[in-house]
$ cat query_31.txt   # compact mmCIF, C-alpha atoms
# COMPACT_ATOMS: atom_id res chain seq x y z
CA MET A 1134 0.00 0.00 0.00
CA ILE A 1135 2.83 2.35 0.90
CA LYS A 1136 4.43 1.68 -2.47
CA THR A 1137 1.15 2.43 -4.29
CA GLU A 1138 0.74 5.69 -2.41
CA THR A 1139 4.29 6.74 -3.22
CA ILE A 1140 3.76 5.95 -6.88
CA ASN A 1141 0.46 7.85 -6.95
CA ARG A 1142 2.10 10.87 -5.34
CA LEU A 1143 4.96 10.78 -7.81
CA GLU A 1144 2.51 10.38 -10.67
CA ASP A 1145 0.49 13.39 -9.53
CA ARG A 1146 3.56 15.57 -9.33
CA LEU A 1147 4.86 14.51 -12.70
CA ALA A 1148 1.43 14.99 -14.28
CA HIS A 1149 1.38 18.48 -12.77
CA LEU A 1150 4.83 19.21 -14.18
CA ILE A 1151 3.93 17.92 -17.66
CA GLY A 1152 0.61 19.80 -17.58
CA GLY A 1153 2.49 23.00 -16.75
CA VAL A 1154 4.95 22.57 -19.63
CA LEU A 1155 2.12 21.77 -22.06
CA ALA A 1156 0.09 24.78 -20.90
CA LYS A 1157 3.06 27.12 -21.22
CA LYS A 1158 3.71 26.06 -24.80
CA GLU A 1159 0.10 25.43 -25.76
CA SER A 1160 -0.08 27.48 -28.95
CA GLN A 1161 3.33 26.31 -30.14
CA ILE A 1162 2.33 22.68 -29.58
CA ASP A 1163 -0.99 23.26 -31.35
CA PHE A 1164 0.94 24.60 -34.31
CA LEU A 1165 3.39 21.69 -34.44
CA ILE A 1166 0.67 19.05 -34.15
CA GLY A 1167 -1.29 20.75 -36.94
CA LEU A 1168 1.79 21.10 -39.10
CA ASN A 1169 2.53 17.40 -38.69
CA GLN A 1170 -1.02 16.61 -39.81
CA LEU A 1171 -0.49 18.76 -42.90
CA ASP A 1172 2.77 16.95 -43.55
CA ASP A 1173 0.98 13.58 -43.30
CA ILE A 1174 -1.60 14.81 -45.82
CA LEU A 1175 1.18 15.96 -48.13
CA ILE A 1176 2.86 12.54 -47.92
CA SER A 1177 -0.46 10.83 -48.69
CA LEU A 1178 -0.90 13.12 -51.70
CA HIS A 1179 2.57 12.20 -52.99
CA GLU A 1180 1.68 8.55 -52.59
CA GLY A 1181 -1.56 9.00 -54.51
CA GLN A 1182 -3.76 8.16 -51.52
CA PRO A 1183 -7.14 9.88 -51.00
CA VAL A 1184 -6.79 13.00 -48.86
CA ILE A 1185 -9.98 14.95 -49.46
CA ASP A 1186 -11.69 13.98 -46.18
CA ASP A 1187 -8.55 14.51 -44.08
CA LEU A 1188 -7.76 17.84 -45.67
CA THR A 1189 -11.35 19.06 -45.41
CA ARG A 1190 -11.36 18.14 -41.72
CA PHE A 1191 -8.02 19.87 -41.23
CA LEU A 1192 -9.15 23.09 -42.94
CA SER A 1193 -12.29 23.13 -40.85
CA ARG A 1194 -10.52 22.43 -37.57
CA TYR A 1195 -7.74 24.98 -38.07
CA ARG A 1196 -9.80 27.58 -40.00
CA ALA A 1197 -8.76 30.32 -37.57
CA TRP A 1198 -5.04 29.81 -38.24
CA PRO A 1199 -4.51 32.38 -40.99
CA GLU A 1200 -5.77 35.18 -38.73
CA ASP A 1201 -4.32 33.73 -35.52
CA GLY A 1202 -2.35 36.45 -33.78
CA ASN A 1203 -0.44 33.81 -31.81
CA LEU A 1204 1.45 32.64 -34.90
CA ASP A 1205 4.77 34.44 -35.22
CA SER A 1206 6.37 35.36 -38.53
CA SER A 1207 8.52 32.21 -38.74
CA GLN A 1208 5.48 30.01 -38.11
CA ARG A 1209 3.54 31.90 -40.78
CA LYS A 1210 6.41 31.50 -43.20
CA ARG A 1211 6.64 27.79 -42.45
CA LEU A 1212 2.91 27.30 -42.89
CA GLY A 1213 3.20 29.19 -46.20
CA VAL A 1214 5.72 26.61 -47.45
CA PHE A 1215 3.28 23.80 -46.65
CA LEU A 1216 0.38 25.61 -48.31
CA ASN A 1217 2.46 26.18 -51.42
CA SER A 1218 3.36 22.50 -51.71
CA LEU A 1219 -0.22 21.43 -51.06
CA ASN A 1220 -1.55 23.84 -53.65
CA GLN A 1221 0.81 22.52 -56.30
CA GLU A 1222 -0.03 18.90 -55.53
CA LEU A 1223 -3.78 19.57 -55.54
CA VAL A 1224 -3.99 21.49 -58.81
CA ASN A 1225 -2.14 18.71 -60.57
CA ARG A 1226 -4.77 16.15 -59.59
CA HIS A 1227 -7.05 17.57 -62.32
CA ASP A 1228 -10.43 17.02 -60.68
CA THR A 1229 -13.07 19.28 -59.21
CA ASP A 1230 -12.76 18.21 -55.55
CA HIS A 1231 -9.00 18.73 -55.49
CA PHE A 1232 -9.38 22.02 -57.35
CA LYS A 1233 -11.85 23.29 -54.77
CA LEU A 1234 -9.44 22.43 -51.97
CA ALA A 1235 -6.61 24.10 -53.88
CA GLU A 1236 -8.76 27.24 -54.10
CA GLU A 1237 -9.26 27.12 -50.35
CA ILE A 1238 -5.53 26.64 -49.77
CA ARG A 1239 -4.78 29.68 -51.93
CA GLU A 1240 -7.34 31.65 -49.96
CA TRP A 1241 -5.62 30.58 -46.73
CA ALA A 1242 -2.29 31.74 -48.12
CA GLN A 1243 -3.77 35.13 -48.99
CA ARG A 1244 -5.31 35.51 -45.53
CA LEU A 1245 -2.05 34.38 -43.98
CA GLY A 1246 -0.24 37.16 -45.77
CA THR A 1247 2.48 34.97 -47.27
CA GLY A 1248 1.67 36.16 -50.78
CA SER A 1249 -0.50 34.60 -53.42
CA LEU A 1250 0.42 31.11 -54.54
CA LYS A 1251 1.30 30.47 -58.12
CA LEU A 1252 -0.21 27.65 -60.09
CA ILE A 1253 2.49 25.43 -61.51
CA PHE A 1254 1.02 22.61 -63.51
CA LYS A 1255 3.02 19.45 -63.90
CA SER A 1256 2.43 16.06 -65.39
CA SER A 1257 4.26 13.00 -64.03
CA GLY A 1258 7.42 14.80 -63.03
CA GLU A 1259 7.75 16.94 -66.15
CA GLN A 1260 7.07 20.60 -66.72
CA ALA A 1261 3.37 21.08 -67.48
CA SER A 1262 2.60 21.18 -71.14
CA LEU A 1263 0.62 23.98 -72.76
CA ALA A 1264 -2.28 21.55 -73.13
CA ASP A 1265 -2.21 20.77 -69.38
CA ARG A 1266 -2.33 24.46 -68.54
CA PHE A 1267 -5.19 25.06 -70.95
CA TYR A 1268 -7.11 22.09 -69.56
CA SER A 1269 -6.68 23.38 -66.01
CA LEU A 1270 -7.77 26.85 -67.07
CA LEU A 1271 -10.97 25.41 -68.55
CA ARG A 1272 -11.60 23.52 -65.33
CA ARG A 1273 -11.32 26.66 -63.25
CA GLU A 1274 -13.53 28.56 -65.66
CA SER A 1275 -16.14 25.84 -65.51
CA GLU A 1276 -16.19 26.02 -61.72
CA GLU A 1277 -16.39 29.81 -61.80
CA MET A 1278 -19.33 29.67 -64.20
CA ASN A 1279 -21.12 27.13 -62.01
CA ILE A 1280 -20.91 29.47 -59.05
CA LEU A 1281 -21.88 32.57 -61.04
CA LEU A 1282 -24.85 30.95 -62.75
CA THR A 1283 -26.16 29.75 -59.40
CA GLU A 1284 -26.02 33.31 -58.09
CA ARG A 1285 -26.91 35.32 -61.20
CA GLY A 1286 -28.93 33.19 -63.57
CA HIS A 1287 -28.20 35.09 -66.82
CA LEU A 1288 -25.05 35.02 -68.90
CA LEU A 1289 -24.95 38.79 -69.45
CA THR A 1290 -25.00 39.44 -65.70
CA CYS A 1291 -22.32 36.79 -65.27
CA LEU A 1292 -20.22 38.49 -67.97
CA ASP A 1293 -20.50 41.78 -66.12
CA ASP A 1294 -19.29 40.12 -62.92
CA ILE A 1295 -16.43 38.40 -64.74
CA LEU A 1296 -15.29 41.70 -66.26
CA ASN A 1297 -15.43 43.30 -62.82
CA SER A 1298 -13.22 40.50 -61.50
CA ALA A 1299 -10.87 40.86 -64.46
CA GLU A 1300 -10.53 44.58 -63.65
CA SER A 1301 -9.91 44.07 -59.95
CA LYS A 1302 -7.94 40.81 -59.85
CA ASN A 1303 -4.63 39.92 -61.39
CA ASP A 1304 -5.82 36.61 -62.79
CA ARG A 1305 -5.75 35.87 -66.52
CA MET A 1306 -8.55 33.37 -66.13
CA TYR A 1307 -11.13 36.17 -65.91
CA GLN A 1308 -9.90 37.82 -69.10
CA HIS A 1309 -9.97 34.52 -70.95
CA LEU A 1310 -13.39 33.62 -69.58
CA ALA A 1311 -14.76 37.07 -70.49
CA ALA A 1312 -13.39 36.80 -74.05
CA SER A 1313 -14.83 33.32 -74.43
CA LEU A 1314 -18.24 34.41 -73.14
CA ILE A 1315 -18.32 37.53 -75.32
CA TYR A 1316 -17.56 35.48 -78.42
CA PHE A 1317 -20.26 32.96 -77.52
CA LEU A 1318 -22.87 35.71 -76.98
CA LYS A 1319 -21.86 37.35 -80.27
CA LEU A 1320 -22.41 34.04 -82.09
CA GLU A 1321 -25.81 33.83 -80.40
CA GLY A 1322 -26.75 37.24 -81.82
CA TYR A 1323 -26.33 39.39 -78.70
CA LYS A 1324 -24.98 42.92 -78.85
CA THR A 1325 -21.51 42.66 -77.37
CA ASP A 1326 -19.76 45.91 -78.42
CA PRO A 1327 -19.77 47.53 -74.92
CA TYR A 1328 -18.26 44.37 -73.42
CA ILE A 1329 -15.61 44.14 -76.15
CA LYS A 1330 -14.65 47.75 -75.40
CA ARG A 1331 -14.37 47.01 -71.67
CA LEU A 1332 -12.18 43.99 -72.32
CA SER A 1333 -10.00 45.91 -74.79
CA ARG A 1334 -9.53 48.73 -72.26
CA LEU A 1335 -8.57 46.17 -69.67
CA LYS A 1336 -5.96 44.59 -71.92
CA GLU A 1337 -4.49 48.02 -72.73
CA ASP A 1338 -4.32 48.94 -69.03
CA LYS A 1339 -2.49 45.76 -68.15
CA MET B 696 8.56 11.47 -52.07
CA ASP B 697 8.62 12.45 -48.38
CA GLY B 698 6.88 15.32 -46.67
CA ILE B 699 8.51 18.56 -45.63
CA LEU B 700 9.24 17.66 -42.00
CA THR B 701 12.21 15.43 -41.18
CA PRO B 702 11.57 12.08 -39.43
CA GLU B 703 12.94 13.57 -36.19
CA GLU B 704 10.63 16.58 -36.40
CA LYS B 705 7.68 14.29 -37.02
CA ALA B 706 8.64 12.13 -34.05
CA TYR B 707 8.78 15.26 -31.87
CA CYS B 708 5.31 16.34 -33.01
CA ARG B 709 3.89 12.86 -32.40
CA GLY B 710 5.54 12.82 -28.97
CA LEU B 711 3.86 16.10 -28.05
CA GLU B 712 0.52 14.81 -29.26
CA ALA B 713 0.93 11.61 -27.22
CA LEU B 714 1.91 13.65 -24.16
CA ARG B 715 -1.29 15.65 -24.50
CA LYS B 716 -3.29 12.45 -24.67
CA LYS B 717 -1.44 11.21 -21.57
CA ASP B 718 -0.09 8.29 -23.58
CA TYR B 719 3.27 8.43 -21.83
CA SER B 720 4.85 5.28 -23.20
CA VAL B 721 4.27 6.47 -26.80
CA ALA B 722 5.54 9.96 -25.90
CA ASP B 723 8.65 8.42 -24.34
CA LYS B 724 9.29 6.31 -27.46
CA GLU B 725 8.81 9.25 -29.86
CA PHE B 726 10.98 11.61 -27.82
CA ARG B 727 13.77 9.05 -27.74
CA ALA B 728 13.56 8.86 -31.54
CA CYS B 729 14.29 12.59 -31.89
CA ALA B 730 16.69 13.04 -28.95
CA LYS B 731 19.64 13.64 -31.28
CA LEU B 732 17.96 16.70 -32.78
CA TYR B 733 16.50 18.23 -29.63
CA GLY B 734 18.75 16.81 -26.90
CA ASP B 735 20.34 20.21 -26.23
CA SER B 736 17.04 21.81 -25.30
CA ARG B 737 16.32 21.97 -21.57
CA GLY B 738 12.56 21.97 -22.11
CA PHE B 739 12.80 18.91 -24.33
CA ASN B 740 14.89 17.05 -21.74
CA ILE B 741 12.42 17.85 -18.96
CA MET B 742 9.52 16.55 -21.07
CA THR B 743 11.44 13.44 -22.13
CA ARG B 744 12.46 12.54 -18.57
CA ALA B 745 8.98 13.24 -17.24
CA ALA B 746 7.35 11.13 -19.97
CA GLY B 747 9.83 8.30 -19.37
CA LEU B 748 9.22 8.36 -15.62
CA MET B 749 5.47 8.45 -16.09
CA ALA B 750 5.65 5.46 -18.44
CA ALA B 751 7.75 3.55 -15.89
CA LEU B 752 5.38 4.47 -13.04
CA GLN B 753 2.39 3.30 -15.00
CA GLN B 754 4.07 -0.01 -15.76
CA GLU B 755 4.82 -0.38 -12.07
CA LYS B 756 1.21 0.35 -11.19
CA VAL B 757 0.04 -2.37 -13.54
CA LYS B 758 2.42 -4.81 -11.86
CA ILE B 759 1.22 -3.82 -8.40
CA SER B 760 -2.39 -4.12 -9.47
CA LYS B 761 -1.75 -7.64 -10.77
CA LEU B 762 0.03 -8.51 -7.54
CA GLU B 763 -2.86 -7.20 -5.46
CA ASN B 764 -5.27 -9.30 -7.48
CA HIS B 765 -3.05 -12.28 -6.91
CA ILE B 766 -3.02 -11.72 -3.15
CA ARG B 767 -6.78 -11.22 -3.09
CA GLU B 768 -7.33 -14.37 -5.14
CA THR B 769 -5.04 -16.42 -2.92
CA ALA B 770 -6.77 -15.10 0.21
CA GLU B 771 -10.22 -15.88 -1.18
CA ASN B 772 -9.56 -19.23 -2.86
CA GLY B 773 -6.58 -20.45 -0.96
CA GLU B 774 -4.73 -21.47 -4.06
CA GLU B 775 -2.78 -19.87 -6.88
CA THR B 776 -3.69 -20.04 -10.53
CA ILE B 777 -0.98 -20.50 -13.15
CA VAL B 778 -1.34 -16.85 -14.20
CA CYS B 779 -0.84 -15.63 -10.64
CA ARG B 780 2.26 -17.76 -10.24
CA GLN B 781 3.69 -16.24 -13.41
CA ILE B 782 3.04 -12.72 -12.15
CA SER B 783 4.57 -13.57 -8.82
CA GLU B 784 7.67 -14.91 -10.54
CA GLU B 785 7.89 -11.81 -12.76
CA SER B 786 7.66 -9.51 -9.78
CA ALA B 787 10.32 -11.44 -7.94
CA GLY B 788 12.57 -11.29 -11.00

$ encode --input "query_31.txt" --output "structure tokens"
Amino acid sequence: MIKTETINRLEDRLAHLIGGVLAKKESQIDFLIGLNQLDDILISLHEGQPVIDDLTRFLSRYRAWPEDGNLDSSQRKRLGVFLNSLNQELVNRHDTDHFKLAEEIREWAQRLGTGSLKLIFKSSGEQASLADRFYSLLRRESEEMNILLTERGHLLTCLDDILNSAESKNDRMYQHLAASLIYFLKLEGYKTDPYIKRLSRLKEDK
Amino acid sequence: MDGILTPEEKAYCRGLEALRKKDYSVADKEFRACAKLYGDSRGFNIMTRAAGLMAALQQEKVKISKLENHIRETAENGEETIVCRQISEESAG
């Protein structure tokens, strides 16, 4: 009995000590545990395993991270490196679910303040071909149109929104999508001159 | 291709996670795996020693609990089972 009591006392004290260390470094430990989860997801992606559920759970659980004042600049920088790698892996999966997650990752990076992430398309270890880049562009445009049509309902209103985005954002996708939509509407007999002028002005400005 | 973290960094992260879950034997094992990288840090050494001690204490508690059961069983039934004899021999060893 005496031995049990001694062990229990020792255990209590050690648990107190460990609890104190964990509490003192709580946010740092949170960050490291989360980063390790991201690293596991990245490894799974490299190995071609499904990651959508894990990554969705991660993004939901740590959604406050980008604005978290507790993260110092080195932690933000480190997280940025992970986001960049994830983004590149996701966009090269060429499917809607991975693209949506890549969009979210890029949004995280923007909120984090580590700069916008570039899309670098690759195919099986080689530099992405022109065809790969075009295919990915079409994918993104298709997703954009899905969202816009749900909200707006008419192509002309969508075109107006797309031109607004092209004017405010530095993303060639919007210019390409606007040009494509204008040409389609012209073929369908719509009056497109004002839109062509807007797009031309935009191209001159940039 | 591997992830971005080194195996030692990953072991450290897993050790911290195990420590939070009070899984001291796993924490002890993971911290030992990354001791080369973090061995100079005082905080790391405190956590490693504490996790190791906790793991040892918990093992000892399991042994004591088995021994107490053995004593109770002997007192109630007046005879030892094979399992109890084994535990008794382990404890003596």

$ interface_residues --input "query_31.txt" --of "chain B" --to "chain A" --cutoff "7 Å" --atoms "all atoms listed in the file" --output "PyMOL selection string"
chain B and resi 696-700+705+708+711-712+742+745+749+752

$ closest_residue --input "query_31.txt" --among "A:Tyr1328, A:Tyr1316, A:Tyr1323, A:Phe1267" --to "His1227 in chain A" --atoms "only C-alpha atoms"
A:Phe1267

$ residues_around --input "query_31.txt" --residues "Val1224 in chain A" --least-positions-apart "4" --cutoff "7 Å" --atoms "all atoms listed in the file" --output "list in words"
Asn1220, His1231, Phe1232, Ala1235 and Phe1254 of chain A

$ atom_distance --input "query_31.txt" --atom1 "CA of Ile1280 in chain A" --atom2 "CA of Glu1236 in chain A"
13.3 Å

$ atom_distance --input "query_31.txt" --atom1 "CA of Cys729 in chain B" --atom2 "CA of Lys1158 in chain A"
18.5 Å

$ residues_around --input "query_31.txt" --residues "Ile1315 in chain A" --least-positions-apart "5" --cutoff "9 Å" --atoms "all atoms listed in the file" --output "VMD selection string"
chain A and resid 1289 1292 1310 1320 1323 1325 1328 to 1329

$ atom_distance --input "query_31.txt" --atom1 "CA of Gln753 in chain B" --atom2 "CA of Arg727 in chain B"
18.0 Å

$ residues_around --input "query_31.txt" --residues "Leu1245 in chain A" --least-positions-apart "4" --cutoff "8 Å" --atoms "all atoms listed in the file" --output "PDB file with C-alpha atoms, in the frame of the given file"
ATOM      1  CA  TRP A1198      -5.040  29.810 -38.240  1.00  0.00           C
ATOM      2  CA  PRO A1199      -4.510  32.380 -40.990  1.00  0.00           C
ATOM      3  CA  GLU A1200      -5.770  35.180 -38.730  1.00  0.00           C
ATOM      4  CA  ARG A1209       3.540  31.900 -40.780  1.00  0.00           C
ATOM      5  CA  GLY A1213       3.200  29.190 -46.200  1.00  0.00           C
ATOM      6  CA  TRP A1241      -5.620  30.580 -46.730  1.00  0.00           C
TER       7      TRP A1241
END
